Amino acid sequence: MSAVRRILVRVPSGSYRVLCGEGILSRAGREVARLDDYTGIYVLSAPRVWRPWGRAVQASFRHAGGSKAILFGDRESAKNMATAERLCRQLVRAGADRRAVLVAVGGGVVGDVAGFVAASYLRGVKLVHMPTTLVAQADSAIGGKTGVNLPEGKNLIGAFYQPRLVLADPAMLATLPFREYRSGLYEVIKYGVIRDPQLFAFLERHMHDLLRRKRAAIAWALPRCIRAKAEVVSRDEREAGRREILNFGHTFAHALETITGYRRYLHGEAVGWGMMAATWLAAALRRIGERDAARILRLVARVGPLPPLPPVPAGKLLRVMRVDKKTRGGHLRFLLPRRIGRVEVTDQVPEPLVSLVWSQLLARGASSSGSLFVSAR
C-alpha cells in the first residue's frame, strides 16, 4: 500500500480528515469504526459501482459490524427530489435511526444525493464519503456541498453538510470508464488555474501520464487538489466569499447541463467547456494575458474531445444562467482567470460579450487556435 496522506479540513461546523492513498478501501471499516457511537452503517451506492466494488466494501465494513447496501441510479438525470425521497423511505424500512452512518460509495451524483439525504433524514445523520471517481476524489466529496437538481437548474435544492470522514482510494479509479476518468481531469486543471501554478505546470508536463492513469502522476496530483479544496473550504465553509473561486467554469457548465437535460455532458466535460468560455471572456476583457490564456485553452484541449456544444441561441443560454445560484440581483457572476494561479469574481461582464463569446465557441469548437482577443465593445 502506498503512503496514505491525511489532510485536515477545518470548518466551524466540525473538522474532519480526508485519507488519500491506495489501500484505503481495505481499512475503511476500521476507520469508520473510530467514529462516535453508531447503530448501523448504510451504504448508498449505484449498481455500476457496486458490481466491481461491493464485495470489497462489504468485507471492509465487517470490521465495523457489517453494513446494509441501498442502490440507486447515478446518472445526472436521476439527481432529483424523487430519488432523495425514495432513499429516505428505504432507510426508514431498513431501520436507520438518528445514530446511523450513511456511507456514500460512488461519484459526484452519489455523493451529492447521499449528502443531501444525510443532511435531511431525521434532521441529520453521520455521513462518510468513499468517492470512486476522479471528480469526486479531487473535488466534490470534500467541502460539504450537497444537493439535487430541478428541471429549471442544477443543484437548486441542497444544504451545506460536512462529512465526518472522506476515504479516497486511487486504486478504485482503475475500473472507471475512460470517459468518466478523463472528465475528472478538467476539475484537476481547475485547481491549477485558480490557485496552483505548480500543479498547472505539472499537468502540462504529465498530462499524457495522467491520461494513461499512471499511479505516480495520480499520487502527486490528487493530494494537491484535495489540499487546495481543504484550504479554501476551511476559510469559507458556506461560500460567503473566497470559496466562490471553486466555481471557475461552472457558470457556463451548469447552463450547458441544464439546457441539454443533464444527458449530453458528464459534469467535468461541461466544466471543460466552461473554463474555455471563461478564459475567452477574460481575454476579451483584457483581464488575462494572451500567453496564459493560450496555455489554459491548450491544456483543456489536451484532455481530449468534448461533446459538441448545443446549437442554441445565446439568449436562451443567458436565460438559463440567470437562474443559477451564482446570480446576484439579476446580475450574472463569472469567475475569470487573471493569470495561471489566480481568478477573480465579477458581475461586470456585458451580456453582449457573453453572446459574442458563445457564438465564437460554437463556430470554433474546442480549437484554441487563432486570436484570443475579441472586441469587448
# chains A, B, ... in the order shown; residues from 1 in each chain; ligands from 1
call {"tool": "residues_around", "arguments": {"residues": "Met276 in chain A", "least_positions_apart": "3", "cutoff": "10 Å", "atoms": "only C-alpha atoms", "output": "PyMOL selection string"}}
result
chain A and resi 249+252+271-273+279-282+293-294+296-298+300-301+357+361+366-368
call {"tool": "closest_atom_pairs", "arguments": {"of": "range 219-296 of chain A", "to": "range 191-206 of chain A", "cutoff": "9 Å", "atoms": "only C-alpha atoms", "output": "CSV"}}
result
residue,atom,partner,partner_atom,distance
A:Ala221,CA,A:Leu199,CA,7.0
A:Arg224,CA,A:Leu199,CA,7.5
A:Cys225,CA,A:Tyr191,CA,6.2
A:Ala228,CA,A:Tyr191,CA,7.2
A:Lys229,CA,A:Tyr191,CA,8.3
A:Ile245,CA,A:Ile194,CA,6.6
A:Leu246,CA,A:Ile194,CA,7.5
A:Phe248,CA,A:Ile194,CA,7.4
A:Arg295,CA,A:Glu204,CA,8.7
A:Ile296,CA,A:Val193,CA,7.6
call {"tool": "atom_distance", "arguments": {"atom1": "CA of Ser183 in chain A", "atom2": "CA of His129 in chain A"}}
result
19.8 Å
call {"tool": "residues_around", "arguments": {"residues": "range 316-325 of chain A", "least_positions_apart": "5", "cutoff": "9 Å", "atoms": "only C-alpha atoms", "output": "list in words"}}
result
Glu152, Gly153, Lys154, Asn155, Leu156, Thr251, Phe252, His254, Ala255, Leu256, Thr258, Ile259, Gly330, His331, Leu332, Glu351, Val354, Ser355 and Trp358 of chain A
call {"tool": "select_by_dssp", "arguments": {"residues": "range 185-284 of chain A", "states": "helix (DSSP H, G or I)", "output": "PyMOL selection string"}}
result
chain A and resi 185-195+197-211+215-235+242-247+250-259+267-284
call {"tool": "residues_around", "arguments": {"residues": "Arg98 in chain A", "least_positions_apart": "3", "cutoff": "10 Å", "atoms": "only C-alpha atoms", "output": "ChimeraX atom specification"}}
result
/A:38-40,101,121-126
call {"tool": "write_last_selection", "arguments": {"atoms": "C-alpha atoms", "output": "CSV table (one decimal), in the first residue's frame"}}
result
chain,number,residue,atom,x,y,z
A,38,TYR,CA,-23.4,4.4,15.9
A,39,THR,CA,-26.2,1.9,15.5
A,40,GLY,CA,-25.7,0.9,11.9
A,101,VAL,CA,-23.9,6.3,9.5
A,121,TYR,CA,-33.0,12.3,7.1
A,122,LEU,CA,-34.1,12.6,10.8
A,123,ARG,CA,-32.7,16.2,10.6
A,124,GLY,CA,-29.2,14.9,10.1
A,125,VAL,CA,-27.2,11.7,10.5
A,126,LYS,CA,-23.5,10.9,10.1
call {"tool": "atom_distance", "arguments": {"atom1": "CA of Ala219 in chain A", "atom2": "CA of Pro170 in chain A"}}
result
7.8 Å
call {"tool": "closest_residue", "arguments": {"among": "A:Pro151, A:Ala138, A:Leu167, A:Pro350", "to": "Ala104 in chain A", "atoms": "only C-alpha atoms"}}
result
A:Leu167
call {"tool": "residues_around", "arguments": {"residues": "Arg5 in chain A", "least_positions_apart": "2", "cutoff": "12 Å", "atoms": "only C-alpha atoms", "output": "mmCIF file with N, CA and C atoms, in the first residue's frame"}}
result
data_model
loop_
_atom_site.group_PDB
_atom_site.id
_atom_site.type_symbol
_atom_site.label_atom_id
_atom_site.label_comp_id
_atom_site.auth_asym_id
_atom_site.auth_seq_id
_atom_site.Cartn_x
_atom_site.Cartn_y
_atom_site.Cartn_z
ATOM 1 N N MET A 1 0.838 -1.188 0.000
ATOM 2 C CA MET A 1 0.000 0.000 0.000
ATOM 3 C C MET A 1 0.876 1.241 0.000
ATOM 4 N N SER A 2 0.566 2.224 -0.842
ATOM 5 C CA SER A 2 1.322 3.461 -0.882
ATOM 6 C C SER A 2 1.036 4.284 0.365
ATOM 7 N N ALA A 3 1.875 5.289 0.578
ATOM 8 C CA ALA A 3 1.704 6.145 1.750
ATOM 9 C C ALA A 3 0.338 6.807 1.721
ATOM 10 N N ILE A 7 -5.308 14.639 5.317
ATOM 11 C CA ILE A 7 -5.488 16.067 5.081
ATOM 12 C C ILE A 7 -6.666 16.548 5.918
ATOM 13 N N LEU A 8 -6.424 17.526 6.761
ATOM 14 C CA LEU A 8 -7.439 18.022 7.682
ATOM 15 C C LEU A 8 -8.243 19.144 7.033
ATOM 16 N N ARG A 17 -11.122 14.599 8.545
ATOM 17 C CA ARG A 17 -9.942 14.263 7.759
ATOM 18 C C ARG A 17 -10.321 13.598 6.439
ATOM 19 N N VAL A 18 -9.491 13.884 5.442
ATOM 20 C CA VAL A 18 -9.538 13.162 4.171
ATOM 21 C C VAL A 18 -8.334 12.241 4.150
ATOM 22 N N LEU A 19 -8.569 10.955 4.021
ATOM 23 C CA LEU A 19 -7.488 9.985 3.895
ATOM 24 C C LEU A 19 -7.373 9.601 2.431
ATOM 25 N N CYS A 20 -6.196 9.792 1.863
ATOM 26 C CA CYS A 20 -5.998 9.551 0.436
ATOM 27 C C CYS A 20 -4.788 8.648 0.240
ATOM 28 N N GLY A 21 -4.990 7.512 -0.420
ATOM 29 C CA GLY A 21 -3.890 6.603 -0.705
ATOM 30 C C GLY A 21 -4.406 5.236 -1.109
ATOM 31 N N GLU A 22 -3.628 4.527 -1.906
ATOM 32 C CA GLU A 22 -4.045 3.195 -2.333
ATOM 33 C C GLU A 22 -4.107 2.260 -1.131
ATOM 34 N N GLY A 23 -5.157 1.471 -1.057
ATOM 35 C CA GLY A 23 -5.359 0.537 0.041
ATOM 36 C C GLY A 23 -6.324 1.023 1.102
ATOM 37 N N ILE A 24 -6.800 2.262 0.964
ATOM 38 C CA ILE A 24 -7.751 2.805 1.946
ATOM 39 C C ILE A 24 -9.018 1.958 2.008
ATOM 40 N N VAL A 166 -13.660 11.337 4.921
ATOM 41 C CA VAL A 166 -13.586 11.063 3.482
ATOM 42 C C VAL A 166 -12.454 10.077 3.257
ATOM 43 N N LEU A 167 -12.744 9.003 2.535
ATOM 44 C CA LEU A 167 -11.777 7.931 2.273
ATOM 45 C C LEU A 167 -11.597 7.805 0.763
ATOM 46 N N ALA A 168 -10.476 8.307 0.256
ATOM 47 C CA ALA A 168 -10.234 8.338 -1.192
ATOM 48 C C ALA A 168 -9.132 7.350 -1.554
ATOM 49 N N ASP A 169 -9.500 6.289 -2.238
ATOM 50 C CA ASP A 169 -8.543 5.263 -2.655
ATOM 51 C C ASP A 169 -8.351 5.360 -4.165
ATOM 52 N N PRO A 170 -7.194 5.868 -4.636
ATOM 53 C CA PRO A 170 -6.987 5.995 -6.082
ATOM 54 C C PRO A 170 -7.068 4.675 -6.830
ATOM 55 N N ALA A 219 -0.787 9.994 -7.887
ATOM 56 C CA ALA A 219 -0.395 10.137 -6.479
ATOM 57 C C ALA A 219 0.177 11.519 -6.186
ATOM 58 N N TRP A 220 0.745 12.187 -7.196
ATOM 59 C CA TRP A 220 1.263 13.539 -6.987
ATOM 60 C C TRP A 220 0.152 14.581 -7.090
ATOM 61 N N LEU A 222 -3.376 14.262 -7.125
ATOM 62 C CA LEU A 222 -4.628 14.152 -6.374
ATOM 63 C C LEU A 222 -4.542 14.785 -4.987
ATOM 64 N N PRO A 223 -3.548 14.468 -4.154
ATOM 65 C CA PRO A 223 -3.498 15.122 -2.834
ATOM 66 C C PRO A 223 -3.345 16.635 -2.933
ATOM 67 N N ARG A 224 -2.727 17.116 -4.001
ATOM 68 C CA ARG A 224 -2.573 18.564 -4.170
ATOM 69 C C ARG A 224 -3.935 19.233 -4.383
ATOM 70 N N ILE A 226 -6.804 17.976 -3.297
ATOM 71 C CA ILE A 226 -7.524 17.837 -2.026
ATOM 72 C C ILE A 226 -7.070 18.907 -1.042
ATOM 73 N N ARG A 227 -5.762 19.140 -0.959
ATOM 74 C CA ARG A 227 -5.260 20.179 -0.051
ATOM 75 C C ARG A 227 -5.794 21.553 -0.449
#
call {"tool": "select_by_dssp", "arguments": {"residues": "range 141-210 of chain A", "states": "strand (DSSP E or B)", "output": "JSON list (two decimals) with N, CA and C atoms, in the first residue's frame"}}
result
[["chain", "number", "residue", "atom", "x", "y", "z"],
["A", 145, "LYS", "N", -20.80, 20.41, 0.22],
["A", 145, "LYS", "CA", -21.91, 20.80, -0.65],
["A", 145, "LYS", "C", -22.72, 19.57, -1.03],
["A", 146, "THR", "N", -24.01, 19.63, -0.81],
["A", 146, "THR", "CA", -24.90, 18.54, -1.20],
["A", 146, "THR", "C", -26.05, 19.13, -1.99],
["A", 147, "GLY", "N", -26.76, 18.31, -2.74],
["A", 147, "GLY", "CA", -27.91, 18.88, -3.44],
["A", 147, "GLY", "C", -28.44, 18.00, -4.54],
["A", 148, "VAL", "N", -29.61, 18.40, -5.03],
["A", 148, "VAL", "CA", -30.24, 17.74, -6.16],
["A", 148, "VAL", "C", -30.68, 18.82, -7.14],
["A", 149, "ASN", "N", -31.01, 18.36, -8.36],
["A", 149, "ASN", "CA", -31.36, 19.28, -9.43],
["A", 149, "ASN", "C", -32.87, 19.48, -9.53],
["A", 150, "LEU", "N", -33.25, 20.59, -10.13],
["A", 150, "LEU", "CA", -34.60, 20.84, -10.61],
["A", 150, "LEU", "C", -34.55, 20.95, -12.13],
["A", 153, "GLY", "N", -32.80, 24.10, -13.13],
["A", 153, "GLY", "CA", -31.38, 24.36, -12.91],
["A", 153, "GLY", "C", -30.73, 23.32, -12.03],
["A", 154, "LYS", "N", -29.42, 23.35, -12.01],
["A", 154, "LYS", "CA", -28.61, 22.35, -11.32],
["A", 154, "LYS", "C", -28.37, 22.75, -9.87],
["A", 155, "ASN", "N", -28.53, 21.77, -8.97],
["A", 155, "ASN", "CA", -28.22, 21.94, -7.53],
["A", 155, "ASN", "C", -28.99, 23.09, -6.89],
["A", 156, "LEU", "N", -30.24, 23.30, -7.31],
["A", 156, "LEU", "CA", -31.02, 24.40, -6.75],
["A", 156, "LEU", "C", -31.63, 24.05, -5.39],
["A", 157, "ILE", "N", -31.61, 22.78, -5.02],
["A", 157, "ILE", "CA", -32.06, 22.37, -3.70],
["A", 157, "ILE", "C", -30.91, 21.62, -3.03],
["A", 158, "GLY", "N", -30.55, 22.04, -1.83],
["A", 158, "GLY", "CA", -29.42, 21.38, -1.19],
["A", 158, "GLY", "C", -29.11, 21.97, 0.17],
["A", 159, "ALA", "N", -27.98, 21.56, 0.71],
["A", 159, "ALA", "CA", -27.56, 22.02, 2.03],
["A", 159, "ALA", "C", -26.05, 21.92, 2.11],
["A", 160, "PHE", "N", -25.46, 22.74, 2.98],
["A", 160, "PHE", "CA", -24.07, 22.55, 3.36],
["A", 160, "PHE", "C", -24.07, 21.56, 4.52],
["A", 165, "LEU", "N", -15.91, 11.99, 7.61],
["A", 165, "LEU", "CA", -14.69, 11.35, 7.13],
["A", 165, "LEU", "C", -14.79, 11.20, 5.61],
["A", 166, "VAL", "N", -13.66, 11.34, 4.92],
["A", 166, "VAL", "CA", -13.59, 11.06, 3.48],
["A", 166, "VAL", "C", -12.45, 10.08, 3.26],
["A", 167, "LEU", "N", -12.74, 9.00, 2.53],
["A", 167, "LEU", "CA", -11.78, 7.93, 2.27],
["A", 167, "LEU", "C", -11.60, 7.80, 0.76],
["A", 168, "ALA", "N", -10.48, 8.31, 0.26],
["A", 168, "ALA", "CA", -10.23, 8.34, -1.19],
["A", 168, "ALA", "C", -9.13, 7.35, -1.55]]
call {"tool": "residues_around", "arguments": {"residues": "Gly65 in chain A", "least_positions_apart": "4", "cutoff": "10 Å", "atoms": "only C-alpha atoms", "output": "list in words"}}
result
Gly29, Arg30, Ala33, Thr39, Gly40, Ile41, Ser60 and Phe61 of chain A
call {"tool": "write_last_selection", "arguments": {"atoms": "C-alpha atoms", "output": "mmCIF file, in the first residue's frame"}}
result
data_model
loop_
_atom_site.group_PDB
_atom_site.id
_atom_site.type_symbol
_atom_site.label_atom_id
_atom_site.label_comp_id
_atom_site.auth_asym_id
_atom_site.auth_seq_id
_atom_site.Cartn_x
_atom_site.Cartn_y
_atom_site.Cartn_z
ATOM 1 C CA GLY A 29 -14.370 -0.324 8.157
ATOM 2 C CA ARG A 30 -11.712 0.250 10.798
ATOM 3 C CA ALA A 33 -15.464 2.247 13.500
ATOM 4 C CA THR A 39 -26.209 1.914 15.473
ATOM 5 C CA GLY A 40 -25.741 0.868 11.868
ATOM 6 C CA ILE A 41 -23.880 1.523 8.608
ATOM 7 C CA SER A 60 -14.128 -3.977 4.856
ATOM 8 C CA PHE A 61 -17.181 -2.985 6.884
#
call {"tool": "closest_atom_pairs", "arguments": {"of": "range 222-280 of chain A", "to": "range 107-111 of chain A", "cutoff": "12 Å", "atoms": "only C-alpha atoms", "output": "JSON lines"}}
result
{"residue": "A:Tyr262", "atom": "CA", "partner": "A:Val109", "partner_atom": "CA", "distance": 11.5}
{"residue": "A:Leu266", "atom": "CA", "partner": "A:Gly108", "partner_atom": "CA", "distance": 10.2}
{"residue": "A:His267", "atom": "CA", "partner": "A:Gly108", "partner_atom": "CA", "distance": 8.6}
{"residue": "A:Gly268", "atom": "CA", "partner": "A:Gly108", "partner_atom": "CA", "distance": 10.2}
call {"tool": "write_last_selection", "arguments": {"atoms": "C-alpha atoms", "output": "short mmCIF file (atom, residue, chain, number, x, y, z; two decimals), in the first residue's frame"}}
result
data_model
loop_
_atom_site.label_atom_id
_atom_site.label_comp_id
_atom_site.auth_asym_id
_atom_site.auth_seq_id
_atom_site.Cartn_x
_atom_site.Cartn_y
_atom_site.Cartn_z
CA TYR A 262 -28.29 16.53 -17.92
CA LEU A 266 -20.53 14.50 -17.75
CA HIS A 267 -20.03 17.25 -15.19
CA GLY A 268 -16.30 17.58 -15.81
#
call {"tool": "residues_around", "arguments": {"residues": "range 207-209 of chain A", "least_positions_apart": "5", "cutoff": "9 Å", "atoms": "only C-alpha atoms", "output": "PyMOL selection string"}}
result
chain A and resi 185+202+214-218+299+302-303
